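Text of my_file.cif, listed as mmCIF, N, CA and C atoms and all ligand atoms:
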data_work
#
loop_
_atom_site.label_atom_id
_atom_site.label_comp_id
_atom_site.auth_asym_id
_atom_site.auth_seq_id
_atom_site.Cartn_x
_atom_site.Cartn_y
_atom_site.Cartn_z
N MET A 771 188.15 -206.20 67.36
CA MET A 771 187.30 -206.93 68.31
C MET A 771 186.19 -206.01 68.80
N THR A 772 184.99 -206.56 68.88
CA THR A 772 183.88 -205.78 69.40
C THR A 772 183.81 -205.96 70.91
N ARG A 773 183.82 -204.85 71.60
CA ARG A 773 183.73 -204.92 73.07
C ARG A 773 182.27 -204.92 73.50
N ARG A 774 182.03 -205.62 74.57
CA ARG A 774 180.69 -205.68 75.16
C ARG A 774 180.36 -204.35 75.83
N LEU A 775 179.13 -203.86 75.61
CA LEU A 775 178.72 -202.58 76.19
C LEU A 775 178.32 -202.75 77.66
N VAL A 776 178.96 -201.96 78.51
CA VAL A 776 178.59 -201.87 79.93
C VAL A 776 178.01 -200.47 80.14
N VAL A 777 176.84 -200.41 80.76
CA VAL A 777 176.22 -199.12 81.05
C VAL A 777 176.33 -198.88 82.55
N ALA A 778 176.62 -197.64 82.93
CA ALA A 778 176.82 -197.37 84.36
C ALA A 778 176.39 -195.95 84.68
N ALA A 779 176.26 -195.71 86.00
CA ALA A 779 175.76 -194.42 86.46
C ALA A 779 176.78 -193.71 87.33
N ALA A 780 176.92 -192.41 87.06
CA ALA A 780 177.54 -191.51 88.03
C ALA A 780 176.37 -190.98 88.84
N LEU A 781 176.05 -191.70 89.92
CA LEU A 781 174.90 -191.34 90.76
C LEU A 781 175.34 -190.20 91.68
N VAL A 782 174.69 -189.05 91.51
CA VAL A 782 175.11 -187.84 92.22
C VAL A 782 173.94 -187.27 93.02
N ASP A 783 174.27 -186.35 93.94
CA ASP A 783 173.24 -185.77 94.80
C ASP A 783 172.39 -184.75 94.06
N SER A 784 172.93 -184.14 93.01
CA SER A 784 172.19 -183.14 92.24
C SER A 784 172.72 -183.13 90.82
N LEU A 785 171.81 -183.17 89.85
CA LEU A 785 172.26 -183.13 88.45
C LEU A 785 172.78 -181.74 88.09
N GLU A 786 172.18 -180.71 88.70
CA GLU A 786 172.57 -179.33 88.37
C GLU A 786 173.91 -178.97 88.99
N ARG A 787 174.06 -179.33 90.28
CA ARG A 787 175.30 -178.97 90.99
C ARG A 787 175.81 -180.18 91.75
N PRO A 788 176.38 -181.16 91.07
CA PRO A 788 176.81 -182.38 91.76
C PRO A 788 177.96 -182.10 92.73
N SER A 789 177.83 -182.63 93.93
CA SER A 789 178.95 -182.52 94.87
C SER A 789 179.33 -183.88 95.46
N ARG A 790 178.43 -184.85 95.38
CA ARG A 790 178.74 -186.18 95.90
C ARG A 790 178.40 -187.24 94.86
N LEU A 791 179.23 -188.29 94.84
CA LEU A 791 179.14 -189.35 93.84
C LEU A 791 179.13 -190.69 94.55
N LEU A 792 178.28 -191.61 94.11
CA LEU A 792 178.22 -192.93 94.75
C LEU A 792 179.18 -193.92 94.08
N ALA A 793 180.07 -194.50 94.90
CA ALA A 793 180.98 -195.54 94.41
C ALA A 793 180.59 -196.86 95.07
N ALA A 794 180.82 -197.95 94.35
CA ALA A 794 180.41 -199.28 94.83
C ALA A 794 181.61 -200.22 94.78
N ARG A 795 181.77 -201.01 95.86
CA ARG A 795 182.91 -201.94 95.93
C ARG A 795 182.48 -203.33 95.47
N ARG A 796 183.20 -203.88 94.51
CA ARG A 796 182.87 -205.21 93.98
C ARG A 796 183.15 -206.29 95.00
N SER A 797 182.24 -207.24 95.08
CA SER A 797 182.49 -208.41 95.93
C SER A 797 182.85 -209.63 95.08
N ARG A 798 182.63 -209.57 93.80
CA ARG A 798 182.98 -210.64 92.88
C ARG A 798 183.08 -210.07 91.48
N PRO A 799 183.71 -210.77 90.53
CA PRO A 799 184.54 -211.97 90.70
C PRO A 799 185.84 -211.64 91.44
N ALA A 800 186.56 -212.72 91.80
CA ALA A 800 187.74 -212.58 92.66
C ALA A 800 188.77 -211.60 92.10
N GLU A 801 188.94 -211.58 90.76
CA GLU A 801 189.99 -210.74 90.16
C GLU A 801 189.78 -209.26 90.47
N ILE A 802 188.54 -208.87 90.67
CA ILE A 802 188.29 -207.43 90.89
C ILE A 802 187.61 -207.15 92.23
N ALA A 803 187.45 -208.19 93.05
CA ALA A 803 186.83 -207.99 94.37
C ALA A 803 187.65 -207.00 95.18
N GLY A 804 186.97 -206.08 95.85
CA GLY A 804 187.64 -205.07 96.65
C GLY A 804 187.90 -203.77 95.91
N ARG A 805 187.76 -203.80 94.58
CA ARG A 805 187.96 -202.58 93.79
C ARG A 805 186.63 -201.85 93.64
N TRP A 806 186.72 -200.55 93.37
CA TRP A 806 185.53 -199.70 93.34
C TRP A 806 185.16 -199.30 91.91
N GLU A 807 183.87 -199.12 91.69
CA GLU A 807 183.37 -198.87 90.34
C GLU A 807 182.09 -198.04 90.38
N PHE A 808 181.60 -197.74 89.17
CA PHE A 808 180.29 -197.13 88.99
C PHE A 808 179.27 -198.26 88.90
N PRO A 809 178.17 -198.16 89.66
CA PRO A 809 177.17 -199.22 89.55
C PRO A 809 176.61 -199.30 88.13
N GLY A 810 176.36 -200.52 87.69
CA GLY A 810 175.85 -200.73 86.33
C GLY A 810 176.14 -202.15 85.92
N GLY A 811 176.09 -202.43 84.63
CA GLY A 811 176.40 -203.77 84.15
C GLY A 811 176.19 -203.88 82.66
N LYS A 812 176.24 -205.09 82.18
CA LYS A 812 176.20 -205.32 80.73
C LYS A 812 174.77 -205.14 80.20
N ALA A 813 174.68 -204.46 79.08
CA ALA A 813 173.39 -204.37 78.39
C ALA A 813 173.15 -205.71 77.69
N GLU A 814 171.93 -206.18 77.79
CA GLU A 814 171.57 -207.43 77.10
C GLU A 814 171.39 -207.14 75.61
N PRO A 815 171.60 -208.15 74.76
CA PRO A 815 171.38 -207.93 73.33
C PRO A 815 169.96 -207.40 73.09
N GLY A 816 169.88 -206.33 72.32
CA GLY A 816 168.56 -205.78 71.99
C GLY A 816 168.01 -204.81 73.02
N GLU A 817 168.68 -204.70 74.14
CA GLU A 817 168.19 -203.81 75.20
C GLU A 817 168.74 -202.39 74.98
N GLU A 818 167.88 -201.39 75.10
CA GLU A 818 168.32 -200.00 74.99
C GLU A 818 169.23 -199.68 76.18
N PRO A 819 170.28 -198.87 75.96
CA PRO A 819 171.18 -198.55 77.07
C PRO A 819 170.47 -197.97 78.30
N HIS A 820 169.54 -197.04 78.09
CA HIS A 820 168.85 -196.45 79.26
C HIS A 820 168.04 -197.51 80.01
N GLU A 821 167.38 -198.34 79.24
CA GLU A 821 166.57 -199.42 79.83
C GLU A 821 167.47 -200.36 80.64
N ALA A 822 168.62 -200.70 80.06
CA ALA A 822 169.56 -201.60 80.75
C ALA A 822 170.06 -200.96 82.04
N LEU A 823 170.31 -199.67 82.00
CA LEU A 823 170.84 -198.99 83.18
C LEU A 823 169.80 -198.95 84.30
N HIS A 824 168.56 -198.62 83.95
CA HIS A 824 167.49 -198.65 84.97
C HIS A 824 167.38 -200.05 85.58
N ARG A 825 167.44 -201.07 84.75
CA ARG A 825 167.34 -202.45 85.25
C ARG A 825 168.50 -202.77 86.19
N GLU A 826 169.72 -202.44 85.77
CA GLU A 826 170.90 -202.76 86.59
C GLU A 826 170.84 -202.04 87.95
N LEU A 827 170.42 -200.79 87.96
CA LEU A 827 170.41 -200.04 89.22
C LEU A 827 169.32 -200.56 90.16
N ARG A 828 168.22 -201.00 89.57
CA ARG A 828 167.15 -201.62 90.36
C ARG A 828 167.65 -202.93 90.98
N GLU A 829 168.31 -203.75 90.15
CA GLU A 829 168.79 -205.06 90.62
C GLU A 829 169.93 -204.92 91.63
N GLU A 830 170.86 -204.03 91.32
CA GLU A 830 172.10 -203.97 92.14
C GLU A 830 171.95 -203.14 93.40
N LEU A 831 171.17 -202.05 93.30
CA LEU A 831 171.10 -201.11 94.44
C LEU A 831 169.69 -200.99 95.02
N GLY A 832 168.70 -201.49 94.30
CA GLY A 832 167.32 -201.38 94.77
C GLY A 832 166.75 -199.97 94.65
N VAL A 833 167.20 -199.22 93.67
CA VAL A 833 166.73 -197.83 93.54
C VAL A 833 166.15 -197.57 92.15
N SER A 834 165.31 -196.54 92.08
CA SER A 834 164.97 -196.00 90.77
C SER A 834 165.56 -194.61 90.68
N VAL A 835 165.95 -194.25 89.47
CA VAL A 835 166.70 -193.00 89.27
C VAL A 835 166.12 -192.20 88.12
N ALA A 836 166.46 -190.93 88.11
CA ALA A 836 166.26 -190.09 86.93
C ALA A 836 167.62 -189.95 86.26
N LEU A 837 167.66 -190.19 84.96
CA LEU A 837 168.93 -190.09 84.24
C LEU A 837 169.14 -188.68 83.71
N GLY A 838 170.37 -188.21 83.81
CA GLY A 838 170.75 -186.92 83.26
C GLY A 838 171.54 -187.11 81.97
N THR A 839 172.48 -186.24 81.75
CA THR A 839 173.26 -186.31 80.51
C THR A 839 174.29 -187.43 80.58
N GLU A 840 174.78 -187.79 79.41
CA GLU A 840 175.86 -188.78 79.34
C GLU A 840 177.20 -188.07 79.46
N LEU A 841 178.12 -188.66 80.22
CA LEU A 841 179.50 -188.17 80.24
C LEU A 841 180.23 -188.91 79.12
N ARG A 842 180.30 -188.24 77.98
CA ARG A 842 180.85 -188.92 76.81
C ARG A 842 182.37 -189.01 76.92
N GLY A 843 182.88 -190.15 76.47
CA GLY A 843 184.31 -190.41 76.55
C GLY A 843 184.98 -190.34 75.20
N PRO A 844 186.29 -190.62 75.16
CA PRO A 844 187.09 -190.45 73.95
C PRO A 844 187.00 -191.60 72.96
N ASP A 845 186.38 -192.70 73.35
CA ASP A 845 186.37 -193.89 72.49
C ASP A 845 185.00 -194.01 71.81
N ASP A 846 184.81 -193.24 70.74
CA ASP A 846 183.51 -193.19 70.05
C ASP A 846 182.39 -192.81 71.01
N GLY A 847 182.70 -191.94 71.94
CA GLY A 847 181.68 -191.49 72.90
C GLY A 847 181.67 -192.30 74.18
N GLY A 848 182.30 -193.49 74.13
CA GLY A 848 182.35 -194.33 75.33
C GLY A 848 183.73 -194.30 75.96
N TRP A 849 183.92 -195.20 76.91
CA TRP A 849 185.20 -195.31 77.63
C TRP A 849 185.62 -196.77 77.61
N ILE A 850 186.71 -197.08 76.93
CA ILE A 850 187.20 -198.46 76.96
C ILE A 850 187.73 -198.72 78.37
N ILE A 851 187.18 -199.74 79.03
CA ILE A 851 187.57 -200.02 80.42
C ILE A 851 188.38 -201.30 80.54
N THR A 852 188.17 -202.25 79.64
CA THR A 852 188.99 -203.47 79.63
C THR A 852 189.12 -203.92 78.17
N ASP A 853 189.91 -204.97 77.96
CA ASP A 853 190.04 -205.55 76.61
C ASP A 853 188.70 -205.93 76.03
N ARG A 854 187.77 -206.25 76.92
CA ARG A 854 186.51 -206.84 76.47
C ARG A 854 185.28 -205.96 76.66
N HIS A 855 185.46 -204.79 77.31
CA HIS A 855 184.29 -203.98 77.66
C HIS A 855 184.49 -202.51 77.33
N VAL A 856 183.42 -201.88 76.86
CA VAL A 856 183.41 -200.43 76.72
C VAL A 856 182.25 -199.90 77.57
N LEU A 857 182.53 -198.85 78.34
CA LEU A 857 181.55 -198.31 79.28
C LEU A 857 180.91 -197.05 78.71
N ARG A 858 179.59 -196.94 78.91
CA ARG A 858 178.92 -195.64 78.70
C ARG A 858 178.33 -195.23 80.04
N LEU A 859 178.51 -193.95 80.36
CA LEU A 859 178.19 -193.47 81.71
C LEU A 859 177.22 -192.30 81.65
N TRP A 860 176.17 -192.40 82.45
CA TRP A 860 175.19 -191.31 82.55
C TRP A 860 175.15 -190.78 83.98
N PHE A 861 174.97 -189.48 84.10
CA PHE A 861 174.66 -188.91 85.41
C PHE A 861 173.26 -189.38 85.80
N ALA A 862 173.06 -189.53 87.10
CA ALA A 862 171.75 -189.97 87.59
C ALA A 862 171.55 -189.44 89.00
N THR A 863 170.27 -189.24 89.36
CA THR A 863 169.93 -188.92 90.76
C THR A 863 168.84 -189.87 91.22
N LEU A 864 168.74 -190.01 92.53
CA LEU A 864 167.77 -190.93 93.10
C LEU A 864 166.35 -190.39 92.98
N LEU A 865 165.45 -191.27 92.59
CA LEU A 865 164.02 -190.94 92.62
C LEU A 865 163.37 -191.63 93.81
N SER A 866 163.69 -192.91 94.00
CA SER A 866 163.16 -193.62 95.17
C SER A 866 164.08 -194.75 95.56
N GLY A 867 164.05 -195.05 96.85
CA GLY A 867 164.90 -196.12 97.39
C GLY A 867 166.19 -195.54 97.93
N GLU A 868 166.75 -196.23 98.90
CA GLU A 868 168.05 -195.88 99.47
C GLU A 868 169.02 -196.94 98.97
N PRO A 869 170.12 -196.54 98.29
CA PRO A 869 171.00 -197.55 97.68
C PRO A 869 171.56 -198.53 98.71
N GLU A 870 171.49 -199.81 98.36
CA GLU A 870 172.06 -200.87 99.20
C GLU A 870 172.88 -201.79 98.30
N PRO A 871 173.95 -202.37 98.84
CA PRO A 871 174.77 -203.28 98.03
C PRO A 871 174.13 -204.67 97.97
N LEU A 872 173.16 -204.85 97.09
CA LEU A 872 172.34 -206.06 97.09
C LEU A 872 173.03 -207.26 96.43
N VAL A 873 173.66 -207.02 95.29
CA VAL A 873 174.36 -208.10 94.59
C VAL A 873 175.66 -207.55 94.01
N GLU A 874 176.65 -208.35 94.00
CA GLU A 874 177.99 -208.08 93.44
C GLU A 874 178.75 -206.88 94.03
N HIS A 875 178.14 -206.19 95.02
CA HIS A 875 178.88 -205.18 95.79
C HIS A 875 178.76 -205.52 97.27
N ASP A 876 179.76 -205.10 98.06
CA ASP A 876 179.65 -205.31 99.51
C ASP A 876 179.78 -204.02 100.29
N GLU A 877 179.98 -202.91 99.60
CA GLU A 877 180.02 -201.61 100.29
C GLU A 877 179.72 -200.51 99.28
N LEU A 878 179.06 -199.47 99.78
CA LEU A 878 178.81 -198.27 98.97
C LEU A 878 179.37 -197.08 99.73
N ARG A 879 179.83 -196.09 98.98
CA ARG A 879 180.29 -194.85 99.64
C ARG A 879 179.94 -193.65 98.80
N TRP A 880 179.44 -192.60 99.46
CA TRP A 880 179.26 -191.31 98.80
C TRP A 880 180.58 -190.56 98.94
N LEU A 881 181.14 -190.16 97.81
CA LEU A 881 182.44 -189.48 97.80
C LEU A 881 182.27 -188.04 97.32
N ASP A 882 183.08 -187.15 97.88
CA ASP A 882 183.09 -185.78 97.35
C ASP A 882 184.49 -185.48 96.81
N ALA A 883 184.71 -184.25 96.39
CA ALA A 883 185.99 -183.92 95.75
C ALA A 883 187.17 -184.25 96.66
N GLY A 884 186.96 -184.13 97.96
CA GLY A 884 188.05 -184.37 98.90
C GLY A 884 188.33 -185.84 99.20
N THR A 885 187.34 -186.69 98.93
CA THR A 885 187.51 -188.11 99.29
C THR A 885 187.50 -189.04 98.07
N LEU A 886 187.41 -188.44 96.90
CA LEU A 886 187.25 -189.22 95.67
C LEU A 886 188.32 -190.28 95.47
N TRP A 887 189.53 -190.00 95.95
CA TRP A 887 190.64 -190.94 95.71
C TRP A 887 190.94 -191.79 96.93
N GLU A 888 190.02 -191.81 97.89
CA GLU A 888 190.22 -192.68 99.06
C GLU A 888 189.89 -194.13 98.74
N VAL A 889 189.23 -194.37 97.63
CA VAL A 889 188.90 -195.74 97.26
C VAL A 889 189.74 -196.17 96.06
N ASP A 890 189.89 -197.49 95.95
CA ASP A 890 190.75 -198.08 94.91
C ASP A 890 189.90 -198.37 93.67
N TRP A 891 189.78 -197.37 92.81
CA TRP A 891 188.96 -197.51 91.60
C TRP A 891 189.54 -198.58 90.67
N LEU A 892 188.68 -199.27 89.97
CA LEU A 892 189.14 -200.19 88.92
C LEU A 892 190.01 -199.41 87.93
N ASP A 893 191.03 -200.09 87.41
CA ASP A 893 191.99 -199.41 86.53
C ASP A 893 191.30 -198.63 85.41
N GLY A 894 190.33 -199.27 84.77
CA GLY A 894 189.68 -198.64 83.63
C GLY A 894 188.86 -197.42 83.99
N ASP A 895 188.52 -197.29 85.26
CA ASP A 895 187.67 -196.17 85.70
C ASP A 895 188.47 -194.93 86.07
N VAL A 896 189.79 -195.09 86.24
CA VAL A 896 190.58 -193.98 86.79
C VAL A 896 190.47 -192.72 85.94
N ARG A 897 190.58 -192.85 84.63
CA ARG A 897 190.54 -191.63 83.81
C ARG A 897 189.13 -191.02 83.79
N ILE A 898 188.12 -191.87 84.01
CA ILE A 898 186.75 -191.34 84.08
C ILE A 898 186.59 -190.53 85.37
N VAL A 899 187.12 -191.08 86.46
CA VAL A 899 187.03 -190.38 87.75
C VAL A 899 187.81 -189.06 87.68
N LYS A 900 188.93 -189.07 86.99
CA LYS A 900 189.68 -187.81 86.82
C LYS A 900 188.82 -186.75 86.13
N THR A 901 188.09 -187.17 85.12
CA THR A 901 187.21 -186.24 84.42
C THR A 901 186.10 -185.75 85.34
N LEU A 902 185.55 -186.66 86.12
CA LEU A 902 184.45 -186.29 87.03
C LEU A 902 184.93 -185.38 88.15
N ALA A 903 186.19 -185.55 88.56
CA ALA A 903 186.72 -184.77 89.68
C ALA A 903 186.57 -183.28 89.40
N ASP A 904 186.76 -182.90 88.14
CA ASP A 904 186.66 -181.49 87.77
C ASP A 904 185.23 -180.97 87.83
N LEU A 905 184.27 -181.91 87.78
CA LEU A 905 182.87 -181.49 87.73
C LEU A 905 182.23 -181.44 89.11
N LEU A 906 182.87 -182.09 90.09
CA LEU A 906 182.31 -182.09 91.46
C LEU A 906 182.68 -180.77 92.14
N GLY A 907 181.68 -180.07 92.60
CA GLY A 907 181.91 -178.74 93.19
C GLY A 907 182.67 -178.80 94.49
N1 LIG A 1001 179.58 -202.12 86.24
C1 LIG A 1001 180.84 -201.71 86.04
N2 LIG A 1001 181.73 -202.58 85.49
C2 LIG A 1001 182.99 -202.11 85.32
C3 LIG A 1001 183.38 -200.80 85.66
N3 LIG A 1001 184.69 -200.64 85.37
C4 LIG A 1001 185.15 -201.81 84.87
O1 LIG A 1001 186.28 -202.08 84.50
N4 LIG A 1001 184.09 -202.72 84.83
C5 LIG A 1001 184.20 -204.10 84.35
C6 LIG A 1001 183.92 -205.13 85.41
C7 LIG A 1001 183.35 -206.28 84.61
O2 LIG A 1001 184.44 -207.03 84.05
C8 LIG A 1001 182.61 -205.60 83.48
C9 LIG A 1001 181.14 -205.38 83.78
O3 LIG A 1001 180.53 -206.54 84.04
P1 LIG A 1001 179.48 -206.75 85.22
O4 LIG A 1001 179.88 -207.96 85.98
O5 LIG A 1001 179.29 -205.48 86.02
O6 LIG A 1001 178.16 -207.01 84.40
P2 LIG A 1001 176.78 -207.62 84.89
O7 LIG A 1001 176.32 -206.86 86.13
O8 LIG A 1001 175.89 -207.61 83.70
O9 LIG A 1001 177.17 -209.05 85.43
P3 LIG A 1001 177.06 -210.51 84.82
O10 LIG A 1001 175.61 -210.80 84.69
O11 LIG A 1001 177.80 -210.53 83.52
O12 LIG A 1001 177.76 -211.33 85.90
O13 LIG A 1001 183.23 -204.31 83.33
C10 LIG A 1001 182.43 -199.91 86.23
O14 LIG A 1001 182.70 -198.75 86.57
N5 LIG A 1001 181.16 -200.42 86.39
#
Could the structure of this file be written out as structure tokens, please?
Amino acid sequence: MTRRLVVAAALVDSLERPSRLLAARRSRPAEIAGRWEFPGGKAEPGEEPHEALHRELREELGVSVALGTELRGPDDGGWIITDRHVLRLWFATLLSGEPEPLVEHDELRWLDAGTLWEVDWLDGDVRIVKTLADLLG
């Protein structure tokens, strides 16, 4: 089965020395409402992953970002997050705008190494967060 590509951002305070990461709480759909994730969404057919990610962050958070490197995962470079979706994740920092939960999120939180597990991450994201935990200073 081909999984749908979801592109998302590990939005951090600094690409060189990240210490804080932005997590977003889903407000819908009901099955995952209240769980936390990396902001992002599905790439449209024919859309480049970077282009899709800039679009999603603009729509969801109202920000523009600079993209850094990709945090490559074990599943052909991506991260299988559900039966139907594979995630690709890029580091990013803010260029303009202050992130707001505009659509499909109802809360945002900046987390550091000490608070990373205070939120209830979506099941598929847990192993990604474990990998990121080692990178947060
Ligand atoms: N954006 C995002 N989605 C995730 C993460 N982890 C995870 O399991 N998912 C799941 C939730 C959804 O079932 C799916 C992504 O779909 P989405 O609803 O964010 O996509 P979208 O913004 O394009 O929304 P839509 O137009 O399809 O409603 O992947 C994550 O960290 N970020």
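With all atoms listed in the file as the basis for measurement, A:Leu892 is the residue among A:Ala800, A:Leu892, A:Leu791, A:Leu841 that approaches ligand LIG 1001 (chain A) most closely.
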Please identify all polymer residues within 8 Å of segment 801-816 of chain A, counting all atoms listed in the file, omitting same-chain residues fewer than 4 positions from it, and present them as an MDAnalysis selection string.
chainID A and resid 774:781 792:797 821:827 830:831 876 889:893 895
Which residues come within 7 Å of Gly848 of chain A, counting all atoms listed in the file, excluding same-chain residues fewer than 6 positions away, as a list in words?
Leu841, Arg842, Val856, Leu857, Arg858 and Leu859 of chain A
Atom CA of Arg787 of chain A and atom N of Pro819 of chain A are how many Å apart?
25.4 Å
Could you tell me, as a PyMOL selection string, which residues of segment 785-891 of chain A DSSP assigns to strand (DSSP E) when given the backbone?
chain A and resi 791-796+806-807+810-812+834-841+849-850+855-866+875-881
Given all atoms listed in the file as the basis, pick out the residue of A:Thr901, A:Glu870, A:Gly847, A:Thr863 nearest to Val835 of chain A.
A:Thr863
Atomic distance atom N of Leu865 of chain A - atom CA of Asp846 of chain A, expressed in Å with one decimal:
28.9 Å
